[in-house]
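K.L.:
If it helps, the file is called query-v9.txt and holds compact mmCIF, C-alpha atoms and all ligand atoms:
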```
# COMPACT_ATOMS: atom_id res chain seq x y z
CA MET K 815 101.24 84.61 78.55
CA PRO K 816 105.03 84.93 78.87
CA SER K 817 106.49 88.39 79.53
CA PHE K 818 107.95 90.67 76.86
CA VAL K 819 111.25 91.00 78.73
CA THR K 820 114.18 90.53 76.34
CA HIS K 821 117.09 91.11 78.70
CA LEU K 822 118.37 93.14 81.61
CA GLU K 823 120.90 95.93 81.40
CA GLY K 824 123.54 97.31 83.75
CA ALA K 825 122.63 100.95 84.44
CA ILE K 826 126.24 102.04 84.88
CA ASP K 827 127.71 100.50 81.70
CA GLY K 828 124.84 99.28 79.52
CA ALA K 829 126.03 95.67 79.75
CA ARG K 830 123.49 93.17 78.41
CA LEU K 831 122.46 90.64 81.07
CA PRO K 832 120.26 87.57 80.75
CA ALA K 833 116.60 87.68 81.74
CA ARG K 834 114.87 84.98 83.82
CA VAL K 835 117.72 84.43 86.26
CA VAL K 836 118.18 85.97 89.71
CA HIS K 837 120.05 89.28 89.66
CA THR K 838 121.21 91.68 92.35
CA LEU K 839 123.58 94.53 91.43
CA HIS K 840 125.87 94.75 88.41
CA GLU K 841 129.26 96.39 89.07
CA GLY K 842 127.79 97.52 92.39
CA ARG K 843 125.02 99.44 90.63
CA PRO K 844 121.35 98.85 89.68
CA ILE K 845 119.98 96.96 86.69
CA TRP K 846 117.26 97.93 84.19
CA VAL K 847 114.66 95.54 82.81
CA ARG K 848 114.26 95.82 79.00
CA TYR K 849 111.29 94.80 76.87
CA ASP K 850 110.58 94.07 73.23
CA LEU K 851 108.51 97.21 72.78
CA ASP K 852 107.80 96.48 69.10
CA ALA K 853 106.18 93.23 70.14
CA VAL K 854 104.28 95.01 72.93
CA ARG K 855 103.02 97.57 70.40
CA SER K 856 101.70 94.77 68.19
CA ALA K 857 100.15 92.90 71.10
CA VAL K 858 98.30 95.68 72.90
CA SER K 859 97.02 99.24 72.51
CA PRO K 860 95.62 101.71 75.06
CA ALA K 861 92.07 100.78 74.08
CA ASP K 862 92.75 97.17 75.15
CA LEU K 863 93.29 98.34 78.73
CA ILE K 864 89.65 99.28 79.15
CA GLY K 865 87.84 96.62 81.13
CA ARG K 866 91.01 95.06 82.52
CA ARG K 867 91.63 94.56 86.24
CA ASN K 868 91.77 97.97 87.93
CA ASP K 869 95.21 97.67 89.50
CA MET K 870 98.84 97.99 88.42
CA TRP K 871 98.78 94.56 86.77
CA ARG K 872 96.57 95.94 83.99
CA TYR K 873 99.87 96.94 82.33
CA ARG K 874 101.15 93.35 82.33
CA GLU K 875 102.80 93.61 78.87
CA LEU K 876 105.14 96.24 80.34
CA LEU K 877 105.86 94.23 83.48
CA PRO K 878 108.22 91.31 84.10
CA VAL K 879 105.72 88.74 85.46
CA GLU K 880 105.40 85.61 83.34
CA HIS K 881 102.00 84.23 84.34
CA GLU K 882 99.14 86.51 85.26
CA SER K 883 97.36 83.72 87.11
CA ASP K 884 100.25 83.47 89.60
CA ILE K 885 100.25 87.14 90.60
CA ILE K 886 100.40 87.71 94.35
CA SER K 887 98.36 90.86 94.90
CA LEU K 888 96.66 92.97 97.52
CA GLY K 889 94.87 95.05 94.87
CA GLU K 890 97.68 97.62 94.53
CA GLY K 891 97.40 100.36 91.94
CA MET K 892 95.02 102.71 90.14
CA THR K 893 95.17 105.24 92.92
CA PRO K 894 93.01 108.36 92.64
CA LEU K 895 94.30 111.31 90.65
CA LEU K 896 92.69 114.31 92.34
CA LYS K 897 92.50 117.91 91.22
CA CYS K 898 93.33 120.20 94.16
CA SER K 899 92.02 123.66 93.35
CA ALA K 900 91.93 125.09 96.88
CA LEU K 901 95.51 124.06 97.60
CA GLY K 902 96.48 125.20 94.11
CA ALA K 903 94.98 128.63 94.79
CA ARG K 904 97.09 128.90 97.93
CA LEU K 905 100.25 128.02 96.01
CA GLY K 906 99.46 130.08 92.91
CA VAL K 907 99.14 127.00 90.71
CA GLU K 908 95.78 126.75 88.99
CA ASP K 909 96.15 123.27 87.54
CA LEU K 910 97.38 121.33 90.57
CA TRP K 911 96.83 117.59 91.03
CA ILE K 912 97.72 115.04 93.67
CA LYS K 913 98.08 111.34 92.95
CA ASP K 914 97.04 109.79 96.22
CA GLU K 915 99.31 106.84 96.87
CA SER K 916 98.33 106.77 100.54
CA GLN K 917 95.39 104.57 99.53
CA LEU K 918 97.61 101.65 98.55
CA PRO K 919 97.99 98.54 100.74
CA THR K 920 99.95 99.50 103.91
CA GLY K 921 99.35 103.17 103.15
CA SER K 922 102.29 104.06 100.96
CA PHE K 923 103.54 103.70 97.40
CA LYS K 924 106.14 101.22 98.61
CA ALA K 925 103.41 98.64 97.94
CA ARG K 926 104.02 98.89 94.19
CA GLY K 927 107.72 98.14 94.28
CA LEU K 928 107.57 95.49 96.95
CA ALA K 929 104.61 93.75 95.29
CA MET K 930 106.73 93.41 92.16
CA ALA K 931 109.90 92.37 94.02
CA VAL K 932 108.03 89.72 96.01
CA ASN K 933 106.30 88.38 92.90
CA MET K 934 109.59 88.01 91.08
CA ALA K 935 111.40 86.56 94.10
CA SER K 936 108.57 84.09 94.52
CA ALA K 937 108.74 83.10 90.86
CA PHE K 938 112.44 82.37 91.37
CA GLY K 939 111.61 80.13 94.33
CA ILE K 940 113.04 82.50 96.95
CA LYS K 941 111.61 81.85 100.41
CA ARG K 942 113.44 84.34 102.61
CA VAL K 943 113.85 88.08 102.03
CA ALA K 944 115.51 90.92 103.95
CA ILE K 945 115.34 94.69 103.69
CA PRO K 946 116.78 97.83 105.28
CA THR K 947 114.04 100.44 105.55
CA ALA K 948 113.24 103.95 106.68
CA GLY K 949 109.80 102.53 107.53
CA ASN K 950 107.23 102.08 104.78
CA ALA K 951 109.23 99.66 102.64
CA GLY K 952 109.43 97.37 105.65
CA GLY K 953 105.69 97.45 106.24
CA ALA K 954 104.98 96.79 102.56
CA LEU K 955 107.48 93.95 102.34
CA ALA K 956 106.05 92.36 105.48
CA ALA K 957 102.54 92.42 103.99
CA TYR K 958 103.51 90.92 100.62
CA ALA K 959 105.80 88.36 102.25
CA ALA K 960 102.89 87.30 104.46
CA ARG K 961 100.72 86.90 101.38
CA ALA K 962 103.42 85.00 99.50
CA GLY K 963 104.29 82.76 102.44
CA MET K 964 107.87 84.06 102.70
CA ASP K 965 109.99 84.88 105.74
CA ALA K 966 110.87 88.57 105.97
CA TYR K 967 113.68 90.14 108.01
CA ILE K 968 113.26 93.88 108.37
CA PHE K 969 116.05 96.18 109.58
CA MET K 970 114.90 99.64 110.62
CA PRO K 971 116.27 102.59 112.59
CA ALA K 972 115.16 102.36 116.23
CA ASP K 973 113.21 105.62 115.86
CA THR K 974 111.23 104.43 112.82
CA PRO K 975 107.56 105.48 113.08
CA ILE K 976 105.79 103.14 115.48
CA VAL K 977 103.14 102.23 112.90
CA ASN K 978 105.84 100.77 110.64
CA GLN K 979 107.23 98.69 113.48
CA PHE K 980 103.74 97.55 114.49
CA GLU K 981 102.53 96.62 111.03
CA SER K 982 105.73 94.72 110.20
CA ILE K 983 105.41 92.64 113.35
CA GLN K 984 101.69 92.02 112.80
CA PHE K 985 102.40 90.77 109.28
CA GLY K 986 104.70 88.19 110.83
CA ALA K 987 108.09 89.64 109.91
CA THR K 988 111.17 89.53 112.11
CA VAL K 989 111.95 93.16 112.96
CA ILE K 990 115.46 94.23 113.90
CA ARG K 991 115.70 97.76 115.28
CA VAL K 992 119.07 99.41 114.73
CA ASN K 993 120.54 102.37 116.54
CA GLY K 994 121.47 104.13 113.28
CA LEU K 995 120.18 105.07 109.83
CA ILE K 996 118.93 103.09 106.83
CA THR K 997 122.50 102.87 105.52
CA ASP K 998 123.58 101.14 108.77
CA CYS K 999 120.62 98.79 108.35
CA GLY K 1000 121.74 98.04 104.79
CA ALA K 1001 125.19 97.07 106.01
CA MET K 1002 123.60 94.65 108.49
CA VAL K 1003 121.51 93.01 105.78
CA LYS K 1004 124.69 92.49 103.80
CA ALA K 1005 126.58 91.17 106.81
CA GLY K 1006 123.89 88.63 107.64
CA GLN K 1007 123.47 87.34 104.11
CA GLU K 1008 125.93 84.49 104.17
CA GLU K 1009 124.63 83.00 107.38
CA MET K 1010 120.93 83.61 106.75
CA GLN K 1011 120.83 83.08 102.96
CA TRP K 1012 118.20 85.74 102.45
CA PHE K 1013 117.51 87.65 99.27
CA ASP K 1014 118.18 91.38 99.64
CA VAL K 1015 115.25 93.45 98.34
CA SER K 1016 116.83 96.82 99.23
CA THR K 1017 115.89 99.78 97.04
CA LEU K 1018 117.39 99.19 93.57
CA LYS K 1019 119.51 96.23 94.69
CA GLU K 1020 117.27 93.89 92.74
CA PRO K 1021 115.88 94.89 89.31
CA TYR K 1022 112.14 94.72 89.87
CA ARG K 1023 111.12 97.34 92.41
CA ILE K 1024 111.70 99.94 89.68
CA GLU K 1025 109.25 98.08 87.46
CA GLY K 1026 106.62 98.20 90.20
CA LYS K 1027 107.14 101.91 90.79
CA LYS K 1028 107.07 102.48 87.05
CA THR K 1029 103.35 101.78 87.15
CA MET K 1030 102.84 105.21 88.78
CA GLY K 1031 103.93 106.74 85.48
CA LEU K 1032 101.82 104.37 83.38
CA GLU K 1033 98.77 105.07 85.51
CA LEU K 1034 99.00 108.80 85.50
CA ALA K 1035 99.51 108.77 81.74
CA GLU K 1036 96.35 106.72 81.30
CA GLN K 1037 94.41 108.80 83.85
CA PHE K 1038 95.38 112.02 82.03
CA ASP K 1039 94.29 110.39 78.76
CA TRP K 1040 97.88 109.87 77.54
CA ASN K 1041 98.94 113.49 78.07
CA LEU K 1042 101.69 113.93 80.66
CA PRO K 1043 101.68 116.88 83.09
CA ASP K 1044 104.21 119.71 82.76
CA VAL K 1045 105.85 119.22 86.14
CA ILE K 1046 106.02 116.18 88.45
CA VAL K 1047 107.02 116.84 92.04
CA TYR K 1048 108.41 113.81 93.82
CA PRO K 1049 109.69 113.41 97.38
CA THR K 1050 113.02 111.69 96.86
CA GLY K 1051 114.69 109.20 99.16
CA GLY K 1052 116.12 106.24 97.27
CA GLY K 1053 114.56 107.65 94.11
CA THR K 1054 112.93 104.46 92.80
CA GLY K 1055 109.70 106.21 91.87
CA LEU K 1056 111.33 109.08 90.04
CA ILE K 1057 113.60 106.73 88.12
CA GLY K 1058 110.74 104.33 87.42
CA MET K 1059 108.39 107.00 86.13
CA TRP K 1060 111.01 108.45 83.83
CA LYS K 1061 111.55 104.94 82.43
CA ALA K 1062 107.79 104.51 82.01
CA PHE K 1063 107.46 107.75 80.05
CA HIS K 1064 110.18 106.67 77.64
CA GLU K 1065 108.60 103.29 77.13
CA LEU K 1066 105.23 104.93 76.44
CA LYS K 1067 106.84 107.36 74.02
CA GLU K 1068 108.52 104.53 72.13
CA LEU K 1069 105.25 102.62 72.04
CA GLY K 1070 103.57 105.67 70.54
CA TRP K 1071 100.90 105.72 73.22
CA LEU K 1072 101.43 109.36 74.23
CA LYS K 1073 99.41 112.04 72.47
CA SER K 1074 102.36 114.41 72.49
CA ASP K 1075 106.11 114.05 72.93
CA HIS K 1076 106.05 116.69 75.63
CA MET K 1077 107.81 115.20 78.66
CA PRO K 1078 107.31 116.41 82.24
CA ARG K 1079 110.07 118.22 84.12
CA MET K 1080 110.92 115.98 87.07
CA VAL K 1081 111.48 117.68 90.43
CA ALA K 1082 113.33 115.77 93.17
CA VAL K 1083 112.31 117.20 96.53
CA GLN K 1084 114.24 116.69 99.77
CA SER K 1085 114.38 118.31 103.19
CA ASP K 1086 117.37 120.47 104.04
CA GLY K 1087 117.87 117.99 106.90
CA CYS K 1088 118.85 115.33 104.35
CA CYS K 1089 119.48 116.45 100.78
CA PRO K 1090 122.31 114.53 99.09
CA VAL K 1091 120.59 114.62 95.69
CA VAL K 1092 120.09 118.39 95.82
CA ARG K 1093 123.73 118.95 96.74
CA ALA K 1094 124.96 116.81 93.87
CA PHE K 1095 122.52 118.44 91.46
CA ASP K 1096 123.68 121.92 92.45
CA ALA K 1097 127.33 120.90 92.22
CA GLY K 1098 126.86 119.36 88.78
CA ASP K 1099 128.11 116.00 90.09
CA LYS K 1100 127.28 112.61 88.58
CA PHE K 1101 127.09 110.88 91.98
CA CYS K 1102 126.01 111.98 95.46
CA THR K 1103 128.23 112.16 98.51
CA PHE K 1104 127.09 110.70 101.83
CA PHE K 1105 124.96 113.22 103.74
CA GLU K 1106 126.27 113.41 107.31
CA ASN K 1107 123.91 113.73 110.29
CA ALA K 1108 120.77 113.20 108.22
CA SER K 1109 117.74 114.26 110.19
CA THR K 1110 114.14 114.92 109.14
CA ILE K 1111 110.62 114.18 110.35
CA ALA K 1112 109.94 113.00 106.79
CA LYS K 1113 111.37 109.55 107.42
CA GLY K 1114 110.85 108.48 103.81
CA LEU K 1115 113.39 111.13 102.85
CA ARG K 1116 115.98 110.18 105.47
CA VAL K 1117 118.27 108.42 103.01
CA PRO K 1118 121.82 109.80 103.25
CA ALA K 1119 123.16 107.70 100.35
CA ALA K 1120 121.34 106.04 97.45
CA VAL K 1121 122.79 103.33 95.19
CA GLY K 1122 120.80 104.77 92.26
CA ASP K 1123 121.96 108.36 92.82
CA PHE K 1124 123.27 108.80 89.27
CA MET K 1125 119.99 107.49 87.84
CA ILE K 1126 117.99 110.06 89.84
CA LEU K 1127 120.31 112.85 88.69
CA ASP K 1128 120.14 111.65 85.07
CA ALA K 1129 116.35 111.65 85.08
CA VAL K 1130 116.13 115.08 86.70
CA ARG K 1131 118.66 116.59 84.32
CA SER K 1132 117.46 115.01 81.09
CA SER K 1133 113.90 116.08 81.89
CA GLU K 1134 115.10 119.66 82.40
CA GLY K 1135 113.83 119.35 85.93
CA THR K 1136 115.41 120.41 89.17
CA ALA K 1137 116.25 119.26 92.68
CA ILE K 1138 115.22 121.36 95.63
CA ALA K 1139 115.69 121.17 99.39
CA VAL K 1140 112.96 122.72 101.51
CA ASP K 1141 113.12 124.06 105.06
CA GLU K 1142 112.71 121.21 107.54
CA THR K 1143 111.10 123.51 110.09
CA MET K 1144 108.26 124.28 107.65
CA LEU K 1145 107.19 120.66 107.05
CA ARG K 1146 104.50 120.54 109.74
CA ALA K 1147 102.87 123.72 108.48
CA TRP K 1148 102.84 122.47 104.87
CA MET K 1149 101.52 119.10 106.04
CA THR K 1150 98.57 120.80 107.76
CA LEU K 1151 97.99 123.04 104.75
CA GLY K 1152 97.92 120.02 102.44
CA ALA K 1153 95.53 117.92 104.50
CA SER K 1154 93.19 120.77 105.45
CA THR K 1155 92.77 122.14 101.93
CA THR K 1156 92.44 118.80 100.11
CA GLY K 1157 91.01 116.15 102.45
CA ILE K 1158 93.89 113.95 101.32
CA SER K 1159 95.95 112.16 103.95
CA THR K 1160 99.17 114.06 103.32
CA GLY K 1161 102.27 113.00 105.22
CA PRO K 1162 105.46 114.97 105.85
CA GLU K 1163 107.12 113.84 102.60
CA THR K 1164 104.22 115.28 100.64
CA ALA K 1165 104.49 118.40 102.77
CA ALA K 1166 107.99 118.85 101.37
CA CYS K 1167 106.52 118.72 97.86
CA ILE K 1168 103.87 121.29 98.71
CA GLY K 1169 106.61 123.58 99.96
CA ALA K 1170 108.64 122.96 96.83
CA VAL K 1171 105.71 123.92 94.59
CA GLU K 1172 105.20 127.11 96.56
CA ILE K 1173 108.87 128.05 96.18
CA LEU K 1174 109.20 127.04 92.52
CA ARG K 1175 106.04 128.94 91.59
CA ALA K 1176 107.21 132.05 93.47
CA LYS K 1177 110.52 131.83 91.57
CA ARG K 1178 108.58 131.47 88.30
CA TRP K 1179 110.30 128.13 87.67
CA ILE K 1180 106.75 126.81 87.45
CA ASN K 1181 104.99 128.94 84.86
CA HIS K 1182 101.47 130.28 84.95
CA GLY K 1183 98.95 127.71 83.72
CA GLU K 1184 101.26 124.71 83.87
CA ARG K 1185 99.85 121.39 85.01
CA VAL K 1186 101.64 120.29 88.18
CA LEU K 1187 101.38 116.87 89.79
CA ILE K 1188 102.43 116.09 93.36
CA PHE K 1189 102.80 112.54 94.64
CA ASN K 1190 101.23 111.85 98.01
CA CYS K 1191 103.47 108.92 98.76
CA GLY K 1192 102.44 107.96 102.25
CA ALA K 1193 99.52 108.42 104.60
CA LEU K 1194 99.42 111.00 107.36
CA GLN K 1195 98.30 108.37 109.89
CA LYS K 1196 101.55 106.45 109.53
CA ASN K 1197 103.16 109.36 111.39
CA VAL K 1198 101.28 109.38 114.70
CA GLU K 1199 104.41 110.61 116.48
CA LEU K 1200 103.86 113.97 114.78
CA PHE K 1201 100.62 114.47 116.71
CA ASP K 1202 101.75 116.78 119.47
CA SER K 1203 98.62 118.76 120.20
CA ASP K 1204 97.15 118.83 123.66
CA LEU K 1205 93.40 118.88 123.08
CA PRO K 1206 91.26 120.01 126.01
CA VAL K 1207 88.80 117.48 127.46
CA PHE K 1208 85.25 118.53 128.31
CA GLU K 1209 82.86 117.03 130.79
CA PRO K 1210 79.60 115.83 129.21
CA GLY K 1211 77.25 118.81 129.01
CA GLU K 1212 79.95 121.33 129.92
CA PRO K 1213 79.39 124.65 128.11
CA ILE K 1214 81.93 125.30 125.35
CA ASP K 1215 83.38 128.68 124.49
CA TRP K 1216 83.54 128.24 120.70
CA LYS K 1217 85.69 131.31 120.18
CA THR K 1218 88.59 129.78 122.10
CA LEU K 1219 88.32 126.62 119.96
CA GLY K 1220 89.28 128.58 116.89
CA ALA K 1221 85.85 128.38 115.27
C1 LIG K 1301 110.03 105.69 100.45
C2 LIG K 1301 109.28 106.93 100.57
C3 LIG K 1301 109.66 108.08 99.87
C4 LIG K 1301 110.85 108.10 98.96
O1 LIG K 1301 110.62 107.30 97.82
P1 LIG K 1301 111.80 106.83 96.88
O2 LIG K 1301 111.13 106.29 95.66
O3 LIG K 1301 112.58 105.82 97.63
O4 LIG K 1301 112.61 108.04 96.59
C5 LIG K 1301 108.88 109.21 99.99
N1 LIG K 1301 107.79 109.24 100.78
C6 LIG K 1301 107.38 108.15 101.47
C7 LIG K 1301 106.16 108.24 102.31
C8 LIG K 1301 108.11 106.97 101.39
O5 LIG K 1301 107.70 105.90 102.07
```
Write out the structure in this file as structure tokens.

P.N.:
Amino acid sequence: MPSFVTHLEGAIDGARLPARVVHTLHEGRPIWVRYDLDAVRSAVSPADLIGRRNDMWRYRELLPVEHESDIISLGEGMTPLLKCSALGARLGVEDLWIKDESQLPTGSFKARGLAMAVNMASAFGIKRVAIPTAGNAGGALAAYAARAGMDAYIFMPADTPIVNQFESIQFGATVIRVNGLITDCGAMVKAGQEEMQWFDVSTLKEPYRIEGKKTMGLELAEQFDWNLPDVIVYPTGGGTGLIGMWKAFHELKELGWLKSDHMPRMVAVQSDGCCPVVRAFDAGDKFCTFFENASTIAKGLRVPAAVGDFMILDAVRSSEGTAIAVDETMLRAWMTLGASTTGISTGPETAACIGAVEILRAKRWINHGERVLIFNCGALQKNVELFDSDLPVFEPGEPIDWKTLGA
């Protein structure tokens, strides 16, 4: 079955671009994928999804792949949507949910975008890919490149979590550690392109990672029986997921699949150690300015400049959402609160979201009774460097004073 893609579209100027050819940026900015939604509406309805494969490819009519039989997959998608009453009680939000993306291949939601990018690159006959990464995108690319039989070159800051370095190497990628940030890594991918002839799968620099991340929005709509939550709280680095979900919701609305036109308010969460989107939002700017000296333990949020900045800001503003920077020094406490009250493997990026919900509820920006959804974008165990406790060691049979163990 061929895809329903009609054309691509420059996000900065709306220019119509041809489908089915290799694209990177247009006018230095990202590109949207557009579908014939009338034809999709005639071809498929929500009821047809029942019984399909239980991963993100169940939404194939809204995805750019041409032949389902060719899909390169590690089973990504349909992550659990979990009600979190105990955490909700702590934050004053009764109807709190977490979509647990830590259960995806390589332990983060980067799997969705990179699965799509690698599938499309593979369909175009591309054999060599490169990426700058704060960590998880590199691990995900390495895994899908291994599965697709592609060569991957992964540029990451030297202090990237060790698990990301380890997994990328184990999946057979060439890892280049850089004494700098993801933006420095991006410049090195660009500089090496002519000599190495690789395809750059940086966030938003090819059109398809958005389409992969879009499936988060499709899934949660289906899981909530085609009713969207009131507030979606998203830890924002490059912003692909926030942009992709907002696109998904509009496609679903146009298809008539949603039971109400009520759209969620999108919240972009950052740490005050790196918050270019929040600064631009507060200033009323269309674009972000480079965030100097970016520093946060939430490595997925350590993105001082994003090529899709205006798309993030558009989505946040048109949803009547907000952008909020939380206190970096609180992340560890929120991370522990999240994991210990939910059993979900919450990483530091999710911790920022938990903090944001606490603050927004206290400010009454989140109203009583509203349904709030947090994305758990990456697994706790990808951040072993954050384990700094010094547990005592007992001899076998040694008596234990339980009171001192905090029982
Ligand atoms: C990449 C990443 C983010 C940021 O996601 P974007 O869609 O790029 O904004 C947040 N958390 C984790 C764990 C990540 O890996």

K.L.:
Name the residues, by chain letter and number, that sit within 6 Å of ligand LIG 1301 (chain K) using only C-alpha atoms and all ligand atoms, and give them as a list in words.

P.N.:
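Checked against 6 Å with only C-alpha atoms and all ligand atoms; the hits are Ser922, Asn950, Pro1049, Thr1050, Gly1051, Gly1052, Gly1053, Thr1054, Gly1055, Gly1114, Leu1115, Glu1163, Cys1191 and Gly1192 of chain K.
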
K.L.:
What separation in Å, quoted to one decimal, exists between atom CA of K:Thr1103 and atom CA of K:Ile845?

P.N.:
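Calculated distance between atom CA of K:Thr1103 and atom CA of K:Ile845 is 20.9 Å.
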
K.L.:
Calculated over all atoms listed in the file, which of the candidates K:Ala954, K:Ala959, K:Ala1153, K:Leu1066 has the smallest distance to K:Lys941?

P.N.:
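Closest to K:Lys941, using all atoms listed in the file: K:Ala959.
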
K.L.:
Fewer than 3 positions away in the same chain doesn't count, so skip those; otherwise give me all residues within 10 Å of stretch 1176-1179 of chain K, counting only C-alpha atoms, as a PyMOL selection string.

P.N.:
chain K and resi 905-907+1135-1136+1170-1173+1182

K.L.:
Quick one: everything within 8 Å of K:Thr838, counting all atoms listed in the file, minus sequence neighbours fewer than 3 positions away in the same chain. Send it as a compact mmCIF listing (two decimals) with C-alpha atoms, in the frame of the given file.

P.N.:
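File produced: out-v2.txt:
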```txt
# COMPACT_ATOMS: atom_id res chain seq x y z
CA PRO K 844 121.35 98.85 89.68
CA ILE K 845 119.98 96.96 86.69
CA ASP K 1014 118.18 91.38 99.64
CA LYS K 1019 119.51 96.23 94.69
CA GLU K 1020 117.27 93.89 92.74
CA PRO K 1021 115.88 94.89 89.31
```

K.L.:
If I take atom CA of K:Ser1203 and atom CA of K:Arg1146, how far is one from the other in Å, to one decimal?

P.N.:
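These atoms are spaced 12.1 Å apart.
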
K.L.:
Applying 9 Å and all atoms listed in the file, which residues near K:Asp1075 remain after dropping the ones on its own chain fewer than 2 positions away? List them as a list in words.

P.N.:
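Contacts, with the query itself left out: Asn1041, Leu1042, Lys1067, Leu1072, Lys1073 and Met1077 of chain K.
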
K.L.:
Using Å and a single decimal, report how far atom CA of K:His881 sits from atom CA of K:Ile968.

P.N.:
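Taking atom CA of K:Ile968 and atom CA of K:His881, their separation equals 28.2 Å.
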
K.L.:
Around all the atoms of stretch 1141-1151 of chain K listed in the file, draw an axis-aligned box and extend it by 4 Å on each of the six sides; I want its centre and edge lengths in Å to one decimal, as JSON.

P.N.:
```
{"center_x": 105.6, "center_y": 121.7, "center_z": 107.4, "size_x": 23.1, "size_y": 13.2, "size_z": 13.3}
```

K.L.:
Show me, as a list in words, the residues that have an atom within 12 Å of K:Asn993 when counting all atoms listed in the file, minus same-chain residues fewer than 5 positions from it.

P.N.:
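In the requested format, the answer is Phe969, Met970, Pro971, Ala972, Asp973, Thr974, Asp998, Cys999 and Met1002 of chain K.
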
K.L.:
Of the candidates K:Arg867, K:Arg843, K:His837, K:His821, which one gets nearest to K:Phe1124 if we count all atoms listed in the file?

P.N.:
K:Arg843

K.L.:
Counting all atoms listed in the file, which residue out of K:Arg1131, K:Arg961, K:Arg1079, K:Arg1023 sits closest to K:Leu1187?

P.N.:
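Under the stated criterion, the closest residue is K:Arg1079.
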
K.L.:
Given the point (97.8, 99.5, 83.6) in the file's coordinates, find the residues that have an atom at most 9 Å from it, counting only C-alpha atoms, and give them as a PyMOL selection string.

P.N.:
chain K and resi 863+866-874+876+891-892+1029+1032-1033+1036

K.L.:
Find, counting all atoms listed in the file, the residue in K:Met1010, K:Ile990, K:Ile912, K:Ala925 that gets nearest to K:Arg1185.

P.N.:
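That would be K:Ile912, the residue with the smallest distance to K:Arg1185.
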
K.L.:
Take the point (103.7, 115.0, 98.9) as written in the file and pick out every residue within 9 Å of it, counting all atoms listed in the file; give the list as a PDB file with C-alpha atoms, keeping the file's coordinate frame.

P.N.:
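Result file follows (out_18.pdb):
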```pdb
ATOM      1  CA  ILE K 912      97.720 115.040  93.670  1.00  0.00           C
ATOM      2  CA  LYS K 913      98.080 111.340  92.950  1.00  0.00           C
ATOM      3  CA  ASP K 914      97.040 109.790  96.220  1.00  0.00           C
ATOM      4  CA  VAL K1047     107.020 116.840  92.040  1.00  0.00           C
ATOM      5  CA  TYR K1048     108.410 113.810  93.820  1.00  0.00           C
ATOM      6  CA  PRO K1049     109.690 113.410  97.380  1.00  0.00           C
ATOM      7  CA  MET K1149     101.520 119.100 106.040  1.00  0.00           C
ATOM      8  CA  GLY K1152      97.920 120.020 102.440  1.00  0.00           C
ATOM      9  CA  THR K1160      99.170 114.060 103.320  1.00  0.00           C
ATOM     10  CA  GLY K1161     102.270 113.000 105.220  1.00  0.00           C
ATOM     11  CA  PRO K1162     105.460 114.970 105.850  1.00  0.00           C
ATOM     12  CA  GLU K1163     107.120 113.840 102.600  1.00  0.00           C
ATOM     13  CA  THR K1164     104.220 115.280 100.640  1.00  0.00           C
ATOM     14  CA  ALA K1165     104.490 118.400 102.770  1.00  0.00           C
ATOM     15  CA  ALA K1166     107.990 118.850 101.370  1.00  0.00           C
ATOM     16  CA  CYS K1167     106.520 118.720  97.860  1.00  0.00           C
ATOM     17  CA  ILE K1168     103.870 121.290  98.710  1.00  0.00           C
ATOM     18  CA  ILE K1188     102.430 116.090  93.360  1.00  0.00           C
ATOM     19  CA  PHE K1189     102.800 112.540  94.640  1.00  0.00           C
ATOM     20  CA  ASN K1190     101.230 111.850  98.010  1.00  0.00           C
ATOM     21  CA  CYS K1191     103.470 108.920  98.760  1.00  0.00           C
ATOM     22  CA  GLY K1192     102.440 107.960 102.250  1.00  0.00           C
TER      23      GLY K1192
END
```

K.L.:
So that I can see what lies close to stretch 859-862 of chain K, please list as a VMD selection string the residues with an atom at most 9 Å from it, counting all atoms listed in the file and leaving out residues fewer than 2 positions away in the same chain.

P.N.:
chain K and resid 854 to 857 864 to 866 1036 1040 1069 1071

K.L.:
Which of these, K:Cys898, K:Ala1193, K:Ala1082, K:Ala1139, has the shortest distance to K:Ile1126 once you count only C-alpha atoms?

P.N.:
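When distances to K:Ile1126 are compared using only C-alpha atoms, the smallest one comes from K:Ala1082.
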
K.L.:
Let me make sure I understand: among K:Leu995, K:Ala956, K:Ile1214, K:Val1081, which one has the smallest atom-to-atom distance to K:Phe1105 if we use only C-alpha atoms?

P.N.:
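Ranked by minimum distance to K:Phe1105, first place goes to K:Leu995.
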